[in-house]
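For reference, coords.cif is printed below; it contains mmCIF, C-alpha atoms and all ligand atoms.
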```cif
data_start
#
loop_
_atom_site.label_atom_id
_atom_site.label_comp_id
_atom_site.auth_asym_id
_atom_site.auth_seq_id
_atom_site.Cartn_x
_atom_site.Cartn_y
_atom_site.Cartn_z
CA MET A 1 -14.26 19.82 9.63
CA ALA A 2 -13.55 22.98 7.60
CA ARG A 3 -16.25 25.59 7.06
CA TYR A 4 -16.75 27.47 3.80
CA ALA A 5 -18.65 30.59 2.77
CA LEU A 6 -19.88 31.00 -0.80
CA LEU A 7 -20.64 34.48 -2.09
CA ILE A 8 -23.45 34.49 -4.64
CA GLN A 9 -23.25 36.63 -7.79
CA PRO A 10 -25.18 39.87 -7.28
CA SER A 11 -26.95 39.27 -10.60
CA ALA A 12 -28.32 35.92 -9.31
CA ASN A 13 -29.87 37.71 -6.34
CA ARG A 14 -31.48 40.09 -8.82
CA VAL A 15 -32.91 37.54 -11.29
CA TYR A 16 -34.18 35.07 -8.70
CA SER A 17 -35.71 37.76 -6.48
CA GLY A 18 -35.08 36.16 -3.10
CA ALA A 19 -34.68 32.52 -4.22
CA ALA A 20 -30.95 32.63 -5.13
CA ALA A 21 -29.67 31.23 -1.81
CA ALA A 22 -32.20 28.36 -1.76
CA LEU A 23 -31.39 27.42 -5.37
CA THR A 24 -27.67 27.55 -4.62
CA GLN A 25 -28.18 25.22 -1.65
CA ALA A 26 -30.05 22.72 -3.83
CA GLU A 27 -27.38 22.91 -6.56
CA LEU A 28 -24.65 22.50 -3.95
CA ALA A 29 -26.43 19.37 -2.66
CA VAL A 30 -26.46 17.90 -6.19
CA PHE A 31 -22.72 18.67 -6.61
CA SER A 32 -22.09 17.06 -3.22
CA GLN A 33 -23.90 13.81 -3.94
CA SER A 34 -22.68 13.42 -7.52
CA VAL A 35 -19.02 14.42 -7.54
CA LEU A 36 -17.97 15.22 -3.97
CA GLY A 37 -18.84 11.92 -2.31
CA GLY A 38 -21.54 13.53 -0.15
CA ARG A 39 -18.88 15.42 1.79
CA ILE A 40 -20.75 18.72 1.92
CA GLY A 41 -22.97 19.13 4.96
CA ASP A 42 -24.60 21.63 7.26
CA VAL A 43 -25.56 23.94 4.38
CA SER A 44 -27.16 27.17 5.54
CA GLU A 45 -27.20 30.94 5.07
CA ALA A 46 -25.16 33.39 7.12
CA VAL A 47 -24.49 37.10 7.16
CA ILE A 48 -20.76 37.87 7.51
CA GLY A 49 -19.64 41.48 7.70
CA GLY A 50 -23.10 42.59 6.62
CA VAL A 51 -23.07 40.44 3.44
CA GLY A 52 -25.12 37.29 2.84
CA TYR A 53 -23.33 33.98 2.14
CA VAL A 54 -24.30 30.35 1.68
CA THR A 55 -22.15 28.45 4.17
CA PHE A 56 -21.32 24.76 4.39
CA ALA A 57 -19.04 22.29 6.12
CA ALA A 58 -16.73 19.95 4.22
CA ASP A 59 -13.90 17.68 5.11
CA GLY A 60 -11.06 19.56 3.42
CA LEU A 61 -11.84 20.51 -0.17
CA GLY A 62 -9.00 19.61 -2.51
CA GLY A 63 -8.05 21.38 -5.75
CA ARG A 64 -10.28 19.16 -7.87
CA ASP A 65 -13.23 19.68 -5.50
CA ALA A 66 -12.79 23.46 -5.75
CA ALA A 67 -12.52 23.15 -9.55
CA GLN A 68 -15.92 21.41 -9.55
CA LEU A 69 -17.53 24.00 -7.28
CA ALA A 70 -16.07 26.84 -9.36
CA ASN A 71 -18.80 25.96 -11.90
CA LEU A 72 -21.73 26.45 -9.50
CA SER A 73 -24.15 28.59 -11.48
CA SER A 74 -24.23 31.50 -9.06
CA ALA A 75 -20.75 31.25 -7.54
CA TYR A 76 -18.99 34.60 -7.25
CA ALA A 77 -16.29 33.77 -4.68
CA LEU A 78 -15.56 30.99 -2.20
CA PHE A 79 -13.82 31.39 1.14
CA GLU A 80 -12.65 29.07 3.86
CA VAL A 81 -13.80 30.46 7.20
CA GLU A 82 -10.91 30.76 9.65
CA GLY A 83 -12.19 32.22 12.91
CA ALA A 84 -13.36 35.71 12.06
CA LEU A 85 -11.42 35.73 8.76
CA LEU A 86 -12.22 34.55 5.23
CA ARG A 87 -9.43 32.91 3.23
CA PRO A 88 -10.11 32.94 -0.54
CA VAL A 89 -10.28 29.56 -2.28
CA GLU A 90 -8.97 29.77 -5.83
CA LEU A 91 -11.80 29.14 -8.32
CA ARG A 92 -10.94 28.04 -11.84
CA PRO A 93 -14.18 27.47 -13.73
CA LEU A 94 -14.31 25.60 -17.02
CA ASP A 95 -15.11 28.86 -18.86
CA ARG A 96 -13.05 29.23 -21.99
CA PHE A 97 -14.55 32.36 -23.60
CA ASP A 98 -15.43 35.90 -22.48
CA ASP A 99 -18.72 35.91 -20.62
CA ASP A 100 -20.29 38.37 -23.08
CA LEU A 101 -20.92 35.28 -25.26
CA ILE A 102 -23.82 34.66 -22.90
CA THR A 103 -24.65 38.09 -21.53
CA ILE A 104 -24.82 40.22 -24.71
CA PRO A 105 -28.03 38.77 -26.21
CA LYS A 106 -31.03 40.46 -24.59
CA TYR A 107 -34.52 39.63 -25.76
CA GLN A 108 -37.97 38.90 -24.45
CA GLY A 109 -38.29 35.22 -23.63
CA LYS A 110 -34.55 34.68 -22.91
CA THR A 111 -33.93 32.08 -20.23
CA ASN A 112 -31.75 33.91 -17.75
CA GLU A 113 -28.13 32.87 -17.93
CA GLN A 114 -27.71 31.76 -14.30
CA PHE A 115 -30.74 29.52 -14.55
CA THR A 116 -29.57 28.08 -17.87
CA LYS A 117 -26.23 27.20 -16.26
CA LEU A 118 -28.00 25.74 -13.22
CA LEU A 119 -30.15 23.49 -15.42
CA LEU A 120 -27.15 22.38 -17.48
CA ASN A 121 -25.10 21.67 -14.32
CA VAL A 122 -27.81 19.71 -12.54
CA THR A 123 -28.54 17.67 -15.68
CA LEU A 124 -24.84 16.91 -16.21
CA LEU A 125 -24.30 16.01 -12.55
CA SER A 126 -27.25 13.61 -12.66
CA SER A 127 -25.88 11.72 -15.66
CA ALA A 128 -23.68 8.66 -15.35
CA PHE A 129 -20.84 10.81 -16.69
CA ALA A 130 -20.84 13.39 -13.87
CA ARG A 131 -17.34 12.50 -12.73
CA SER A 132 -15.86 13.44 -16.09
CA MET A 133 -17.26 17.00 -16.02
CA LEU A 134 -13.77 18.48 -15.83
CA ASP A 135 -12.08 15.98 -18.10
CA ARG A 136 -13.85 15.73 -21.43
CA PRO A 137 -16.18 17.68 -23.68
CA PHE A 138 -19.85 16.68 -23.34
CA THR A 139 -22.35 16.71 -26.21
CA VAL A 140 -25.37 18.82 -25.32
CA LEU A 141 -28.67 19.16 -27.18
CA ASP A 142 -31.19 21.90 -26.43
CA PRO A 143 -34.20 20.71 -28.44
CA LEU A 144 -36.13 23.99 -27.75
CA CYS A 145 -33.13 26.27 -28.01
CA GLY A 146 -34.71 29.67 -28.76
CA ARG A 147 -31.87 32.13 -29.29
CA GLY A 148 -29.28 29.81 -27.88
CA THR A 149 -28.60 30.54 -24.21
CA THR A 150 -27.96 26.84 -23.47
CA LEU A 151 -25.88 26.46 -26.64
CA SER A 152 -23.62 29.35 -25.67
CA GLN A 153 -23.27 28.03 -22.11
CA ALA A 154 -22.29 24.61 -23.46
CA LEU A 155 -19.69 26.24 -25.76
CA MET A 156 -18.44 28.24 -22.79
CA TYR A 157 -17.71 24.95 -20.99
CA GLY A 158 -15.79 23.67 -24.03
CA PHE A 159 -18.60 21.27 -24.98
CA ASP A 160 -20.25 20.51 -28.32
CA ALA A 161 -23.70 22.07 -28.65
CA ALA A 162 -26.69 21.28 -30.82
CA GLY A 163 -30.03 23.07 -30.89
CA ILE A 164 -33.44 22.93 -32.50
CA ASP A 165 -36.09 25.61 -32.63
CA LEU A 166 -39.18 26.00 -34.73
CA ASP A 167 -39.08 29.78 -34.73
CA ARG A 168 -37.26 31.08 -37.81
CA ARG A 169 -36.59 34.49 -36.23
CA ASP A 170 -34.94 32.88 -33.19
CA PHE A 171 -32.79 30.71 -35.44
CA GLU A 172 -31.71 33.66 -37.61
CA ALA A 173 -31.06 35.89 -34.58
CA TYR A 174 -28.78 33.31 -32.94
CA SER A 175 -27.01 32.56 -36.24
CA ALA A 176 -26.32 36.25 -36.79
CA PHE A 177 -25.21 36.81 -33.21
CA ILE A 178 -22.86 33.85 -32.88
CA GLN A 179 -21.16 34.45 -36.22
CA ALA A 180 -20.67 38.16 -35.52
CA TRP A 181 -19.37 37.36 -32.02
CA LEU A 182 -16.85 34.79 -33.28
CA LYS A 183 -15.58 37.28 -35.88
CA ARG A 184 -15.35 40.16 -33.39
CA LYS A 185 -13.43 37.98 -30.90
CA ARG A 186 -11.18 36.69 -33.72
CA ILE A 187 -11.98 33.10 -32.79
CA LYS A 188 -10.94 30.66 -35.51
CA HIS A 189 -14.00 28.96 -36.97
CA HIS A 190 -15.67 27.60 -40.05
CA ALA A 191 -19.41 28.16 -40.57
CA GLU A 192 -21.94 26.64 -42.96
CA HIS A 193 -25.40 28.19 -43.01
CA GLY A 194 -28.05 26.98 -45.41
CA PRO A 195 -31.27 25.12 -46.07
CA LEU A 196 -32.04 21.85 -44.27
CA ARG A 197 -33.26 19.29 -46.80
CA LEU A 198 -35.27 16.30 -45.66
CA GLY A 199 -36.57 13.79 -48.19
CA GLY A 200 -35.65 16.11 -51.09
CA GLN A 201 -37.62 19.03 -49.59
CA VAL A 202 -36.50 22.11 -47.67
CA ALA A 203 -37.70 21.52 -44.08
CA GLY A 204 -35.93 24.44 -42.38
CA ARG A 205 -32.46 25.94 -41.99
CA ARG A 206 -29.26 24.65 -40.47
CA LEU A 207 -26.14 26.32 -39.10
CA ARG A 208 -22.99 24.31 -38.48
CA ILE A 209 -19.84 25.81 -36.99
CA SER A 210 -16.57 24.24 -35.95
CA LEU A 211 -14.43 26.45 -33.73
CA ALA A 212 -11.59 26.43 -31.25
CA ALA A 213 -10.73 28.86 -28.48
CA ALA A 214 -7.00 28.50 -29.25
CA LYS A 215 -5.56 28.91 -32.77
CA GLN A 216 -3.23 25.91 -32.37
CA ASP A 217 -6.21 23.68 -31.44
CA TYR A 218 -8.05 24.82 -34.56
CA LYS A 219 -5.01 24.04 -36.70
CA ALA A 220 -4.68 20.61 -35.08
CA GLY A 221 -8.38 19.88 -35.71
CA VAL A 222 -9.26 19.89 -31.99
CA THR A 223 -12.51 21.77 -32.41
CA GLN A 224 -15.86 22.31 -30.72
CA HIS A 225 -19.02 21.92 -32.77
CA LEU A 226 -22.19 23.93 -32.90
CA ASP A 227 -25.11 22.57 -34.93
CA VAL A 228 -28.39 24.49 -34.91
CA VAL A 229 -31.49 23.48 -36.80
CA ASN A 230 -34.63 25.49 -37.51
CA ALA A 231 -37.31 22.79 -37.53
CA ASP A 232 -39.86 21.00 -35.37
CA THR A 233 -38.19 19.25 -32.44
CA THR A 234 -40.30 16.12 -32.94
CA ARG A 235 -38.42 15.59 -36.25
CA ALA A 236 -35.02 15.60 -34.53
CA LEU A 237 -34.22 11.99 -35.44
CA GLU A 238 -34.28 13.05 -39.09
CA PHE A 239 -31.24 15.27 -38.62
CA PHE A 240 -29.42 13.95 -35.52
CA ARG A 241 -28.23 10.37 -34.99
CA PRO A 242 -29.65 8.28 -32.12
CA GLU A 243 -27.56 7.93 -28.94
CA THR A 244 -25.24 10.81 -29.79
CA PHE A 245 -25.94 13.20 -26.91
CA ASP A 246 -24.78 13.03 -23.31
CA LEU A 247 -27.31 15.64 -22.21
CA VAL A 248 -30.63 17.03 -23.40
CA VAL A 249 -31.43 20.34 -21.73
CA ALA A 250 -34.55 22.38 -22.48
CA ASP A 251 -36.52 25.27 -21.09
CA ALA A 252 -40.03 24.48 -22.29
CA PRO A 253 -42.41 27.27 -23.37
CA TYR A 254 -44.01 28.87 -20.33
CA GLY A 255 -47.36 29.47 -22.00
CA VAL A 256 -46.83 33.22 -21.51
CA GLN A 257 -44.29 34.58 -24.06
CA HIS A 258 -44.05 31.28 -25.95
CA GLY A 259 -46.54 28.51 -26.54
CA SER A 260 -45.79 24.85 -27.23
CA ARG A 261 -46.43 23.98 -30.82
CA THR A 262 -46.98 20.52 -32.26
CA ALA A 263 -48.06 19.54 -35.75
CA ALA A 264 -51.04 17.54 -34.43
CA ARG A 265 -52.16 19.74 -31.53
CA GLY A 266 -51.35 23.27 -32.74
CA LEU A 267 -50.40 25.92 -30.17
CA ALA A 268 -50.99 25.15 -26.47
CA ARG A 269 -50.31 26.89 -23.15
CA SER A 270 -49.29 23.63 -21.49
CA PRO A 271 -46.06 22.00 -22.71
CA LEU A 272 -47.35 18.48 -21.86
CA GLY A 273 -48.57 17.69 -25.39
CA LEU A 274 -45.26 18.83 -26.87
CA LEU A 275 -43.36 16.86 -24.23
CA ALA A 276 -45.44 13.75 -24.89
CA ASP A 277 -44.63 13.92 -28.61
CA ALA A 278 -41.00 14.97 -28.24
CA ALA A 279 -39.73 13.10 -25.14
CA PRO A 280 -39.53 9.69 -26.91
CA VAL A 281 -37.46 11.36 -29.65
CA TRP A 282 -35.20 13.12 -27.16
CA ALA A 283 -34.81 9.86 -25.19
CA ARG A 284 -33.59 8.09 -28.35
CA LEU A 285 -31.05 10.83 -28.99
CA LEU A 286 -29.53 10.33 -25.54
CA ARG A 287 -26.72 7.88 -24.85
CA ARG A 288 -27.29 5.31 -22.10
CA GLY A 289 -26.42 7.01 -18.81
CA GLY A 290 -27.20 10.40 -20.35
CA ALA A 291 -29.64 12.77 -18.67
CA CYS A 292 -32.50 14.98 -19.75
CA GLY A 293 -33.23 18.20 -17.82
CA ILE A 294 -36.40 20.16 -18.44
CA ALA A 295 -37.54 23.46 -16.97
CA TRP A 296 -41.17 24.53 -17.24
CA ASN A 297 -43.93 26.61 -15.68
CA ILE A 298 -45.82 24.53 -13.12
CA LEU A 299 -48.80 26.90 -13.38
CA VAL A 300 -49.56 25.31 -16.79
CA ALA A 301 -48.39 21.71 -16.18
CA ARG A 302 -48.12 19.74 -12.93
CA ARG A 303 -44.83 18.16 -11.90
CA ASP A 304 -46.24 14.63 -11.60
CA ALA A 305 -47.71 14.92 -15.11
CA ALA A 306 -44.36 16.07 -16.56
CA ALA A 307 -42.56 13.25 -14.70
CA ALA A 308 -45.04 10.70 -16.08
CA VAL A 309 -44.38 11.90 -19.63
CA LEU A 310 -40.60 11.45 -19.20
CA ALA A 311 -41.10 8.05 -17.55
CA ASP A 312 -43.34 6.95 -20.46
CA ALA A 313 -40.45 7.84 -22.78
CA GLY A 314 -38.26 5.32 -20.91
CA LEU A 315 -36.38 7.82 -18.73
CA ALA A 316 -36.04 7.57 -14.95
CA PRO A 317 -37.06 10.85 -13.25
CA ALA A 318 -35.03 11.93 -10.20
CA ASP A 319 -37.69 12.81 -7.69
CA SER A 320 -36.16 13.01 -4.23
CA GLY A 321 -33.83 15.09 -2.05
CA PRO A 322 -32.44 18.24 -3.67
CA TYR A 323 -34.31 17.50 -6.92
CA LEU A 324 -37.48 18.67 -5.17
CA ALA A 325 -35.93 21.97 -4.08
CA PHE A 326 -35.59 23.87 -7.37
CA ARG A 327 -39.11 25.27 -7.61
CA HIS A 328 -39.13 29.09 -7.59
CA ARG A 329 -41.34 31.98 -8.61
CA VAL A 330 -40.22 33.94 -11.69
CA ASP A 331 -43.13 36.41 -11.85
CA GLN A 332 -46.91 36.59 -11.42
CA ALA A 333 -47.56 34.14 -14.28
CA ILE A 334 -44.61 31.75 -13.89
CA VAL A 335 -43.53 29.38 -11.12
CA ARG A 336 -40.62 27.45 -12.55
CA ASP A 337 -39.43 23.98 -11.67
CA ILE A 338 -36.92 21.56 -13.13
CA LEU A 339 -37.18 17.86 -13.72
CA ILE A 340 -34.22 15.60 -14.39
CA ALA A 341 -34.54 12.11 -15.86
CA VAL A 342 -31.77 9.66 -16.70
CA LYS A 343 -31.64 7.15 -19.57
CA PRO A 344 -31.00 3.78 -17.90
C1 LIG B 1 -38.76 29.11 -23.23
S1 LIG B 1 -38.32 29.20 -24.94
C2 LIG B 1 -36.59 28.79 -24.90
C3 LIG B 1 -35.74 30.00 -24.70
C4 LIG B 1 -34.26 29.70 -24.81
N1 LIG B 1 -33.79 28.87 -23.71
C5 LIG B 1 -33.48 31.00 -24.86
O1 LIG B 1 -32.88 31.39 -23.84
O2 LIG B 1 -33.50 31.67 -25.89
C6 LIG B 1 -39.05 27.79 -25.67
C7 LIG B 1 -38.81 27.64 -27.16
O3 LIG B 1 -39.51 26.47 -27.63
C8 LIG B 1 -39.77 26.68 -29.02
N2 LIG B 1 -40.74 25.68 -29.51
C9 LIG B 1 -42.05 25.53 -29.19
N3 LIG B 1 -42.58 24.47 -29.83
C10 LIG B 1 -41.56 23.91 -30.56
C11 LIG B 1 -41.45 22.78 -31.43
N4 LIG B 1 -42.50 21.98 -31.67
N5 LIG B 1 -40.25 22.51 -32.02
C12 LIG B 1 -39.17 23.31 -31.79
N6 LIG B 1 -39.22 24.39 -30.97
C13 LIG B 1 -40.38 24.70 -30.37
C14 LIG B 1 -40.23 28.13 -29.07
O4 LIG B 1 -40.07 28.66 -30.39
C15 LIG B 1 -39.30 28.79 -28.03
O5 LIG B 1 -38.19 29.37 -28.65
#
```
Let me see whether you can do it: turn the structure in this file into structure tokens.
Amino acid sequence: MARYALLIQPSANRVYSGAAAALTQAELAVFSQSVLGGRIGDVSEAVIGGVGYVTFAADGLGGRDAAQLANLSSAYALFEVEGALLRPVELRPLDRFDDDLITIPKYQGKTNEQFTKLLLNVTLLSSAFARSMLDRPFTVLDPLCGRGTTLSQALMYGFDAAGIDLDRRDFEAYSAFIQAWLKRKRIKHHAEHGPLRLGGQVAGRRLRISLAAAKQDYKAGVTQHLDVVNADTTRALEFFRPETFDLVVADAPYGVQHGSRTAARGLARSPLGLLADAAPVWARLLRRGGACGIAWNILVARRDAAAAVLADAGLAPADSGPYLAFRHRVDQAIVRDILIAVKP
């Protein structure tokens, strides 16, 4: 049985303040059970040459296995342990753009980029489509998209991304950023930015972009799509078709920087009211076999209550094994957890 040592990105150690290794172990366990046939075992932490690693045993990782693991949210480098030596394993992540797509935007209330990638990965790997992660573009909706961290991560993977946020400033900030970034990087694209009309009335704004990382793909019409709407997420079925998304991924308001707003309930610290109103809509937008992944602050809403809301919307929450190991403290006011639920 071969032994491997995974070096975690220094930035992950910084943003998770002590929880990076535990989160990596949980993410590794989800990769193992979904796309690696449960072949990863004996996961632990080790210090090698004075540097901390997450180590694991696996029965010979092939090229495709390494290509899967290359997308681990905090992976920096992977080595096979040979006696006292480390042999690098080539990592070729899905990434198709420069990483400043995700790292440049800095603002209060941003979901950190490693965590956004973790949530997207775990949601994808829990869907019925996990095995095609490397083979086809997924369609991802972030129905509380803020200034677009999930959308940019989905684009980075070569996927199609859609987003909804009620906050006009967030919508305009992401629109301005992504269009300026595409121009600066000379990435071929076509953008339409204008009012969103529903029932003859202006209900918000909408940005639609088609783009391709390679000029020849753009010419051939092989494009990625970004579709961002400034509106209330509970109205999503008015502007997106049912059963069109593989994944719904959202970081719910923590009740600290952002509150959860619903037309009927107003602004609340707990996201449960918003989730109760929105989860049935999000569930309808998902394809069968698709998965919904939500992150939230457990100091304002209990895990069992959040799971019940997703179950009431007809989704099946994953509530065992590594799925119970993602809880971590962000700061004094936030203990974050994630909940994944699949559409049967
Ligand atoms: C934690 S933030 C998401 C941050 C985002 N992931 C990012 O990195 O920019 C939650 C978002 O939910 C939005 N929100 C709250 N209630 C909403 C509603 N009813 N419809 C749409 N968006 C809503 C807030 O405006 C806020 O941007």
Between A:Ala264, A:Ala213, A:Ala130, A:Ala318, which residue has the minimum interatomic distance to ligand LIG 1 (chain B), considering all atoms listed in the file?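 With all atoms listed in the file as the atom set, the closest residue is A:Ala264.
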Excluding same-chain residues fewer than 5 positions from stretch 283-290 of chain A, what lies within 12 Å of it counting only C-alpha atoms, as a VMD selection string? chain A and resid 123 to 130 138 to 143 162 233 to 249 275 to 278 309 to 316 340 to 344
Any chance you can output those residues with C-alpha atoms as a PDB file, in the frame of the given file?
```pdb
ATOM      1  CA  THR A 123     -28.540  17.670 -15.680  1.00  0.00           C
ATOM      2  CA  LEU A 124     -24.840  16.910 -16.210  1.00  0.00           C
ATOM      3  CA  LEU A 125     -24.300  16.010 -12.550  1.00  0.00           C
ATOM      4  CA  SER A 126     -27.250  13.610 -12.660  1.00  0.00           C
ATOM      5  CA  SER A 127     -25.880  11.720 -15.660  1.00  0.00           C
ATOM      6  CA  ALA A 128     -23.680   8.660 -15.350  1.00  0.00           C
ATOM      7  CA  PHE A 129     -20.840  10.810 -16.690  1.00  0.00           C
ATOM      8  CA  ALA A 130     -20.840  13.390 -13.870  1.00  0.00           C
ATOM      9  CA  PHE A 138     -19.850  16.680 -23.340  1.00  0.00           C
ATOM     10  CA  THR A 139     -22.350  16.710 -26.210  1.00  0.00           C
ATOM     11  CA  VAL A 140     -25.370  18.820 -25.320  1.00  0.00           C
ATOM     12  CA  LEU A 141     -28.670  19.160 -27.180  1.00  0.00           C
ATOM     13  CA  ASP A 142     -31.190  21.900 -26.430  1.00  0.00           C
ATOM     14  CA  PRO A 143     -34.200  20.710 -28.440  1.00  0.00           C
ATOM     15  CA  ALA A 162     -26.690  21.280 -30.820  1.00  0.00           C
ATOM     16  CA  THR A 233     -38.190  19.250 -32.440  1.00  0.00           C
ATOM     17  CA  THR A 234     -40.300  16.120 -32.940  1.00  0.00           C
ATOM     18  CA  ARG A 235     -38.420  15.590 -36.250  1.00  0.00           C
ATOM     19  CA  ALA A 236     -35.020  15.600 -34.530  1.00  0.00           C
ATOM     20  CA  LEU A 237     -34.220  11.990 -35.440  1.00  0.00           C
ATOM     21  CA  GLU A 238     -34.280  13.050 -39.090  1.00  0.00           C
ATOM     22  CA  PHE A 239     -31.240  15.270 -38.620  1.00  0.00           C
ATOM     23  CA  PHE A 240     -29.420  13.950 -35.520  1.00  0.00           C
ATOM     24  CA  ARG A 241     -28.230  10.370 -34.990  1.00  0.00           C
ATOM     25  CA  PRO A 242     -29.650   8.280 -32.120  1.00  0.00           C
ATOM     26  CA  GLU A 243     -27.560   7.930 -28.940  1.00  0.00           C
ATOM     27  CA  THR A 244     -25.240  10.810 -29.790  1.00  0.00           C
ATOM     28  CA  PHE A 245     -25.940  13.200 -26.910  1.00  0.00           C
ATOM     29  CA  ASP A 246     -24.780  13.030 -23.310  1.00  0.00           C
ATOM     30  CA  LEU A 247     -27.310  15.640 -22.210  1.00  0.00           C
ATOM     31  CA  VAL A 248     -30.630  17.030 -23.400  1.00  0.00           C
ATOM     32  CA  VAL A 249     -31.430  20.340 -21.730  1.00  0.00           C
ATOM     33  CA  LEU A 275     -43.360  16.860 -24.230  1.00  0.00           C
ATOM     34  CA  ALA A 276     -45.440  13.750 -24.890  1.00  0.00           C
ATOM     35  CA  ASP A 277     -44.630  13.920 -28.610  1.00  0.00           C
ATOM     36  CA  ALA A 278     -41.000  14.970 -28.240  1.00  0.00           C
ATOM     37  CA  VAL A 309     -44.380  11.900 -19.630  1.00  0.00           C
ATOM     38  CA  LEU A 310     -40.600  11.450 -19.200  1.00  0.00           C
ATOM     39  CA  ALA A 311     -41.100   8.050 -17.550  1.00  0.00           C
ATOM     40  CA  ASP A 312     -43.340   6.950 -20.460  1.00  0.00           C
ATOM     41  CA  ALA A 313     -40.450   7.840 -22.780  1.00  0.00           C
ATOM     42  CA  GLY A 314     -38.260   5.320 -20.910  1.00  0.00           C
ATOM     43  CA  LEU A 315     -36.380   7.820 -18.730  1.00  0.00           C
ATOM     44  CA  ALA A 316     -36.040   7.570 -14.950  1.00  0.00           C
ATOM     45  CA  ILE A 340     -34.220  15.600 -14.390  1.00  0.00           C
ATOM     46  CA  ALA A 341     -34.540  12.110 -15.860  1.00  0.00           C
ATOM     47  CA  VAL A 342     -31.770   9.660 -16.700  1.00  0.00           C
ATOM     48  CA  LYS A 343     -31.640   7.150 -19.570  1.00  0.00           C
ATOM     49  CA  PRO A 344     -31.000   3.780 -17.900  1.00  0.00           C
TER      50      PRO A 344
END
```
Any idea what's packed within 10 Å of A:Thr116, counting only C-alpha atoms, ignoring anything in its chain fewer than 4 positions away? Could you give it as a ChimeraX atom specification? /A:73,110-112,120-121,149-154,249-251,295
Considering only C-alpha atoms and all ligand atoms, state which residue in the set A:Leu36, A:Leu72, A:Leu144, A:Ala46 is at the smallest distance from ligand LIG 1 (chain B). A:Leu144
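Within 10 Å of A:Gly221, once all atoms listed in the file are used and residues closer than 5 positions along the same chain are dropped, the contacting residues are Ser210, Leu211, Ala212, Lys215 and Gln216 of chain A.
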Once you have the residues from the selection above, write them out as a PDB file, in the frame of the given file, restricted to C-alpha atoms.
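Contents of the output file selection20.pdb:
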```
ATOM      1  CA  SER A 210     -16.570  24.240 -35.950  1.00  0.00           C
ATOM      2  CA  LEU A 211     -14.430  26.450 -33.730  1.00  0.00           C
ATOM      3  CA  ALA A 212     -11.590  26.430 -31.250  1.00  0.00           C
ATOM      4  CA  LYS A 215      -5.560  28.910 -32.770  1.00  0.00           C
ATOM      5  CA  GLN A 216      -3.230  25.910 -32.370  1.00  0.00           C
TER       6      GLN A 216
END
```
Across A:Val35, A:Val330, A:Leu94, A:Ala203, the smallest distance to A:Ala19, with all atoms listed in the file counted, is shown by A:Val330
Atom-to-atom span, atom CA of A:Tyr76 and atom CA of A:Pro88, Å: 11.3 Å
Go through A:Ala84, A:Ala70, A:Ile164, A:Ile178 and flag the residue nearest A:Leu101, using all atoms listed in the file for the distances. A:Ile178
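Nearest residue to A:Asp232, choosing from A:Ala22, A:Ile338, A:Ala263, A:Ile298 and counting all atoms listed in the file: A:Ala263.
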Residue with smallest distance to A:Gln224 - pool A:Arg329, A:Arg96, A:Arg14, A:Arg205, counting all atoms listed in the file: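 Checking each of A:Arg329, A:Arg96, A:Arg14, A:Arg205 against A:Gln224, counting all atoms listed in the file, the winner is A:Arg96.
Between atom CA of A:Trp282 and atom CA of A:Pro93 lies a distance of 28.8 Å.
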Mind giving me the straight-line distance from atom CA of A:Asp304 to atom CA of A:Ser74 in Å, one decimal? 27.8 Å
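For A:Ile40, the set of protein, DNA and RNA residues having any atom at most 10 Å away, when counting all atoms listed in the file and skipping those fewer than 3 positions along the same chain, is Arg3, Tyr4, Leu28, Ala29, Val30, Phe31, Ser32, Gln33, Leu36, Gly37, Val43, Phe56, Ala57, Ala58, Asp59, Gly60 and Leu61 of chain A.
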Could you put an axis-aligned box around every listed atom of ligand LIG 1 (chain B), padded by 8 Å on each side, and send me its centre and edge lengths in Å to one decimal, as lines of an AutoDock Vina configuration file?
```
center_x = -37.7
center_y = 26.8
center_z = -27.6
size_x = 25.7
size_y = 25.7
size_z = 24.8
```
